[in-house]
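Trainee: Below is the structure I would like to discuss, written out as structure tokens.
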Amino acid sequence: MTHIGIVGAGVGAAAATYALEESRNDVTVTVVEKSGGLCGRAATRRRDGIVYDYGANYVKSDDERIVELLTETLDTEGLVDVTEPVWTFDHTGEVSPGDGRDEHKWTYRQGLTQIAKRLFARTDATVHRKTRVETIIRTEDETWELEDTSGTRWGPFDVLLLNPPAPQTADLLRTADWESDARESLLSTVDGVPYRTVWTGIFHYPFELERPYYALVNADKAHAVGWVGREECKPGHVPDGESLLVVQATHEWSVDHYDEPPTETLAELAALTADLVGDERLRDPDWTDHQGWRYALPEGEVSREPLERAERDGLYCLGDWVAGEGRIHAALRNGLAVGERVADANL
């Protein structure tokens, strides 16, 4: 029996767990997740009969293996495709048709968290939520243990997988009880991964907003708003006659407003959206929600050599930042690859 521990229950961890299960080897998987949910930044909330994805917006069909995973391997009940197009706008707020996003834009009637839920459901993994890992420990017999904020020890594990965003992975490595050159090399690499911050506002309206597009995206990255998505374009998410907008601010605006009172930030973001979409009613939503994503989107490539050195000690990093692309399909692809690599090397 090989014991595997995973920190974080994002889509990468879910995909790795699924790949390990598919290896048909004698393995146990324990996942420790700090939040109360699954799927990381592919996050879904519900309110008043409305479902909304407030982190990642959908899964693209850029990867054949992920297309097969979603449309053939996993249960397709509730899988929906956004058919309306994505349009663009520039720093002046001028809106233009089309941005070339003609591929599928998949989510579920129940929201994007279904991806991780369905992947984990196909395994025997044990997932412990609301458990924040504080320390990684490399034992004298070359296994791994975890210690959470309550002082509880988890393990020992023969293999350890780390799924948090790079800055949080770096924090774990920085305080790790692991004396190794591999740790120092890995920490230096992980600590250097840049991230974009995104502050997201959710705006609900008791009327139907009629527009010929699903979403608007800022093409020149010079506007305070980066993305406006109409959640009512996702089948099953918003009742007829209502509208819900998911508005993501650009990095600079998000950083400047991150710690300001949410009520003021929401009001400013609603006004910007009303001007952009061209409807003054959008300044006055009947209810709102918000989320700050400090580590929303990784940028840049990651050196493989430090990751491979750590893997020889049985420690694997996974997620969109390892894939070098801040997208769900990239995190899924990387998770599958890591799970298969673990199986090949250790099982």
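A note on labels: chains of the structure tokens are A, B, ... as shown, every chain counts residues from 1, and ligands are counted from 1 in their shown order.
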As a ChimeraX atom specification, please: the residues near stretch 311-314 of chain A (cut-off 10 Å, only C-alpha atoms, same-chain neighbours under 4 positions excluded).
Mentor: /A:4,138,142-144,157-161,180,182-183,305-307,338,341-342,345-346
Trainee: Keeping N, CA and C atoms, export the residues of the selection given above as a short mmCIF file (atom, residue, chain, number, x, y, z; two decimals), in the first residue's frame.
Mentor:
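result.cif was written with the following content:
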```cif
data_model
loop_
_atom_site.label_atom_id
_atom_site.label_comp_id
_atom_site.auth_asym_id
_atom_site.auth_seq_id
_atom_site.Cartn_x
_atom_site.Cartn_y
_atom_site.Cartn_z
N ILE A 4 -0.47 8.40 -0.15
CA ILE A 4 -0.21 9.67 -0.83
C ILE A 4 -1.01 10.77 -0.15
N ARG A 138 9.67 16.40 6.58
CA ARG A 138 10.35 15.25 5.97
C ARG A 138 10.95 14.43 7.11
N GLU A 142 12.38 9.06 5.58
CA GLU A 142 12.14 9.56 4.23
C GLU A 142 10.68 9.43 3.79
N THR A 143 9.77 9.68 4.71
CA THR A 143 8.36 9.84 4.37
C THR A 143 7.98 11.29 4.66
N TRP A 144 6.74 11.62 4.40
CA TRP A 144 6.27 12.99 4.58
C TRP A 144 5.13 13.03 5.60
N PHE A 157 3.20 9.87 4.74
CA PHE A 157 2.90 9.66 3.33
C PHE A 157 4.18 9.29 2.59
N ASP A 158 4.06 8.36 1.68
CA ASP A 158 5.20 8.01 0.83
C ASP A 158 5.46 9.08 -0.22
N VAL A 159 4.38 9.74 -0.65
CA VAL A 159 4.47 10.79 -1.66
C VAL A 159 3.58 11.95 -1.23
N LEU A 160 4.05 13.18 -1.50
CA LEU A 160 3.28 14.38 -1.14
C LEU A 160 3.10 15.25 -2.37
N LEU A 161 1.87 15.68 -2.61
CA LEU A 161 1.54 16.57 -3.72
C LEU A 161 1.07 17.91 -3.17
N SER A 180 17.27 19.98 2.65
CA SER A 180 17.67 19.42 1.37
C SER A 180 17.97 20.55 0.40
N ALA A 182 17.32 20.29 -2.60
CA ALA A 182 16.15 20.29 -3.47
C ALA A 182 15.10 21.28 -2.97
N ARG A 183 14.95 21.39 -1.66
CA ARG A 183 13.99 22.34 -1.09
C ARG A 183 14.38 23.77 -1.44
N GLU A 305 13.66 21.86 -13.85
CA GLU A 305 14.70 21.13 -13.13
C GLU A 305 14.48 21.10 -11.61
N PRO A 306 14.15 22.23 -10.95
CA PRO A 306 13.89 22.16 -9.50
C PRO A 306 12.69 21.29 -9.16
N LEU A 307 11.65 21.30 -10.02
CA LEU A 307 10.49 20.45 -9.79
C LEU A 307 10.87 18.98 -9.87
N VAL A 338 0.76 14.67 -13.60
CA VAL A 338 1.44 14.43 -12.31
C VAL A 338 0.97 13.13 -11.70
N ARG A 341 2.64 10.36 -13.45
CA ARG A 341 4.07 10.32 -13.15
C ARG A 341 4.30 9.70 -11.77
N VAL A 342 3.45 10.05 -10.81
CA VAL A 342 3.54 9.47 -9.47
C VAL A 342 3.34 7.96 -9.55
N ALA A 345 6.39 6.22 -11.08
CA ALA A 345 7.64 6.26 -10.29
C ALA A 345 7.55 5.54 -8.96
N ASN A 346 6.34 5.43 -8.42
CA ASN A 346 6.24 4.97 -7.03
C ASN A 346 5.33 3.77 -6.83
#
```
Trainee: Hey, what's within 10 Å of A:Pro235 if we count only C-alpha atoms and toss same-chain stuff fewer than 3 positions away? As a list in words, please?
Mentor: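 In the requested format, the answer is Val51, Gly78, Leu79, Val80, Asp81, Val82, Thr83, Thr107, Tyr108, Arg109, Gln110, Glu231, Glu232, Val238 and Pro239 of chain A.
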Trainee: Near A:Pro97, within 9 Å and counting only C-alpha atoms, which residues show up once chain neighbours fewer than 4 positions away are dropped, as a PyMOL selection string?
Mentor: chain A and resi 85-89+213
Trainee: As an exercise, work out the distance from atom CA of A:Thr250 to atom CA of A:Val7 in Å and give it to one decimal place.
Mentor: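 Straight-line distance from atom CA of A:Thr250 to atom CA of A:Val7 works out to 28.9 Å.
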Trainee: Smallest atom-to-atom distance to A:Thr17: which of A:Thr126, A:Thr197, A:Ser254, A:Ser35, using only C-alpha atoms?
Mentor: A:Thr126
Trainee: Report as a PyMOL selection string all protein, DNA and RNA residues lying within 6 Å of stretch 39-44 of chain A, evaluated on only C-alpha atoms, omitting residues in the same chain fewer than 6 positions from it.
Mentor: chain A and resi 9-11+52-56+111-113+116
Trainee: Which residue is closest to A:Asn334? Choose from A:Leu146, A:Val247, A:Ile66, A:Val29 and count only C-alpha atoms.
Mentor: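 Residue with the minimum atom-to-atom distance to A:Asn334: A:Ile66.
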Trainee: Counting only C-alpha atoms, give me one row per residue of stretch 200-265 of chain A with an atom at most 12 Å from an atom of stretch 188-196 of chain A, showing the shortest contact pair and its distance in Å to one decimal, sorted by chain then residue number, as a Markdown table.
Mentor:
```
| residue | atom | partner | partner_atom | distance |
| --- | --- | --- | --- | --- |
| A:Gly226 | CA | A:Arg196 | CA | 11.6 |
| A:Gln248 | CA | A:Arg196 | CA | 11.7 |
| A:Ala249 | CA | A:Arg196 | CA | 10.6 |
| A:Thr250 | CA | A:Arg196 | CA | 8.4 |
| A:His251 | CA | A:Arg196 | CA | 5.5 |
| A:Glu252 | CA | A:Arg196 | CA | 8.6 |
| A:Trp253 | CA | A:Arg196 | CA | 10.9 |
| A:Ser254 | CA | A:Arg196 | CA | 9.1 |
| A:Val255 | CA | A:Arg196 | CA | 9.0 |
```
Trainee: Restricting the output to N, CA, C and O atoms, write the selected residues as a PDB file, in the first residue's frame.
Mentor:
```
ATOM      1  N   GLY A 226     -11.719  44.226 -16.483  1.00  0.00           N
ATOM      2  CA  GLY A 226     -11.071  43.259 -17.357  1.00  0.00           C
ATOM      3  C   GLY A 226     -12.050  42.329 -18.045  1.00  0.00           C
ATOM      4  O   GLY A 226     -11.797  41.859 -19.156  1.00  0.00           O
ATOM      5  N   GLN A 248     -14.963  41.250 -13.388  1.00  0.00           N
ATOM      6  CA  GLN A 248     -13.607  41.092 -12.857  1.00  0.00           C
ATOM      7  C   GLN A 248     -12.783  42.327 -13.208  1.00  0.00           C
ATOM      8  O   GLN A 248     -12.702  42.706 -14.379  1.00  0.00           O
ATOM      9  N   ALA A 249     -12.205  42.933 -12.194  1.00  0.00           N
ATOM     10  CA  ALA A 249     -11.369  44.116 -12.417  1.00  0.00           C
ATOM     11  C   ALA A 249      -9.965  43.691 -12.850  1.00  0.00           C
ATOM     12  O   ALA A 249      -9.524  42.564 -12.602  1.00  0.00           O
ATOM     13  N   THR A 250      -9.264  44.611 -13.497  1.00  0.00           N
ATOM     14  CA  THR A 250      -7.887  44.344 -13.904  1.00  0.00           C
ATOM     15  C   THR A 250      -6.959  44.316 -12.684  1.00  0.00           C
ATOM     16  O   THR A 250      -7.328  44.752 -11.588  1.00  0.00           O
ATOM     17  N   HIS A 251      -5.750  43.821 -12.894  1.00  0.00           N
ATOM     18  CA  HIS A 251      -4.803  43.634 -11.791  1.00  0.00           C
ATOM     19  C   HIS A 251      -4.536  44.938 -11.045  1.00  0.00           C
ATOM     20  O   HIS A 251      -4.624  44.981  -9.807  1.00  0.00           O
ATOM     21  N   GLU A 252      -4.203  45.991 -11.775  1.00  0.00           N
ATOM     22  CA  GLU A 252      -3.823  47.242 -11.111  1.00  0.00           C
ATOM     23  C   GLU A 252      -4.974  47.799 -10.286  1.00  0.00           C
ATOM     24  O   GLU A 252      -4.793  48.229  -9.140  1.00  0.00           O
ATOM     25  N   TRP A 253      -6.184  47.808 -10.875  1.00  0.00           N
ATOM     26  CA  TRP A 253      -7.354  48.316 -10.160  1.00  0.00           C
ATOM     27  C   TRP A 253      -7.644  47.439  -8.949  1.00  0.00           C
ATOM     28  O   TRP A 253      -7.994  47.939  -7.871  1.00  0.00           O
ATOM     29  N   SER A 254      -7.520  46.125  -9.104  1.00  0.00           N
ATOM     30  CA  SER A 254      -7.795  45.192  -8.011  1.00  0.00           C
ATOM     31  C   SER A 254      -6.834  45.395  -6.848  1.00  0.00           C
ATOM     32  O   SER A 254      -7.245  45.398  -5.686  1.00  0.00           O
ATOM     33  N   VAL A 255      -5.552  45.576  -7.152  1.00  0.00           N
ATOM     34  CA  VAL A 255      -4.566  45.806  -6.103  1.00  0.00           C
ATOM     35  C   VAL A 255      -4.866  47.110  -5.364  1.00  0.00           C
ATOM     36  O   VAL A 255      -4.822  47.174  -4.127  1.00  0.00           O
TER      37      VAL A 255
END
```
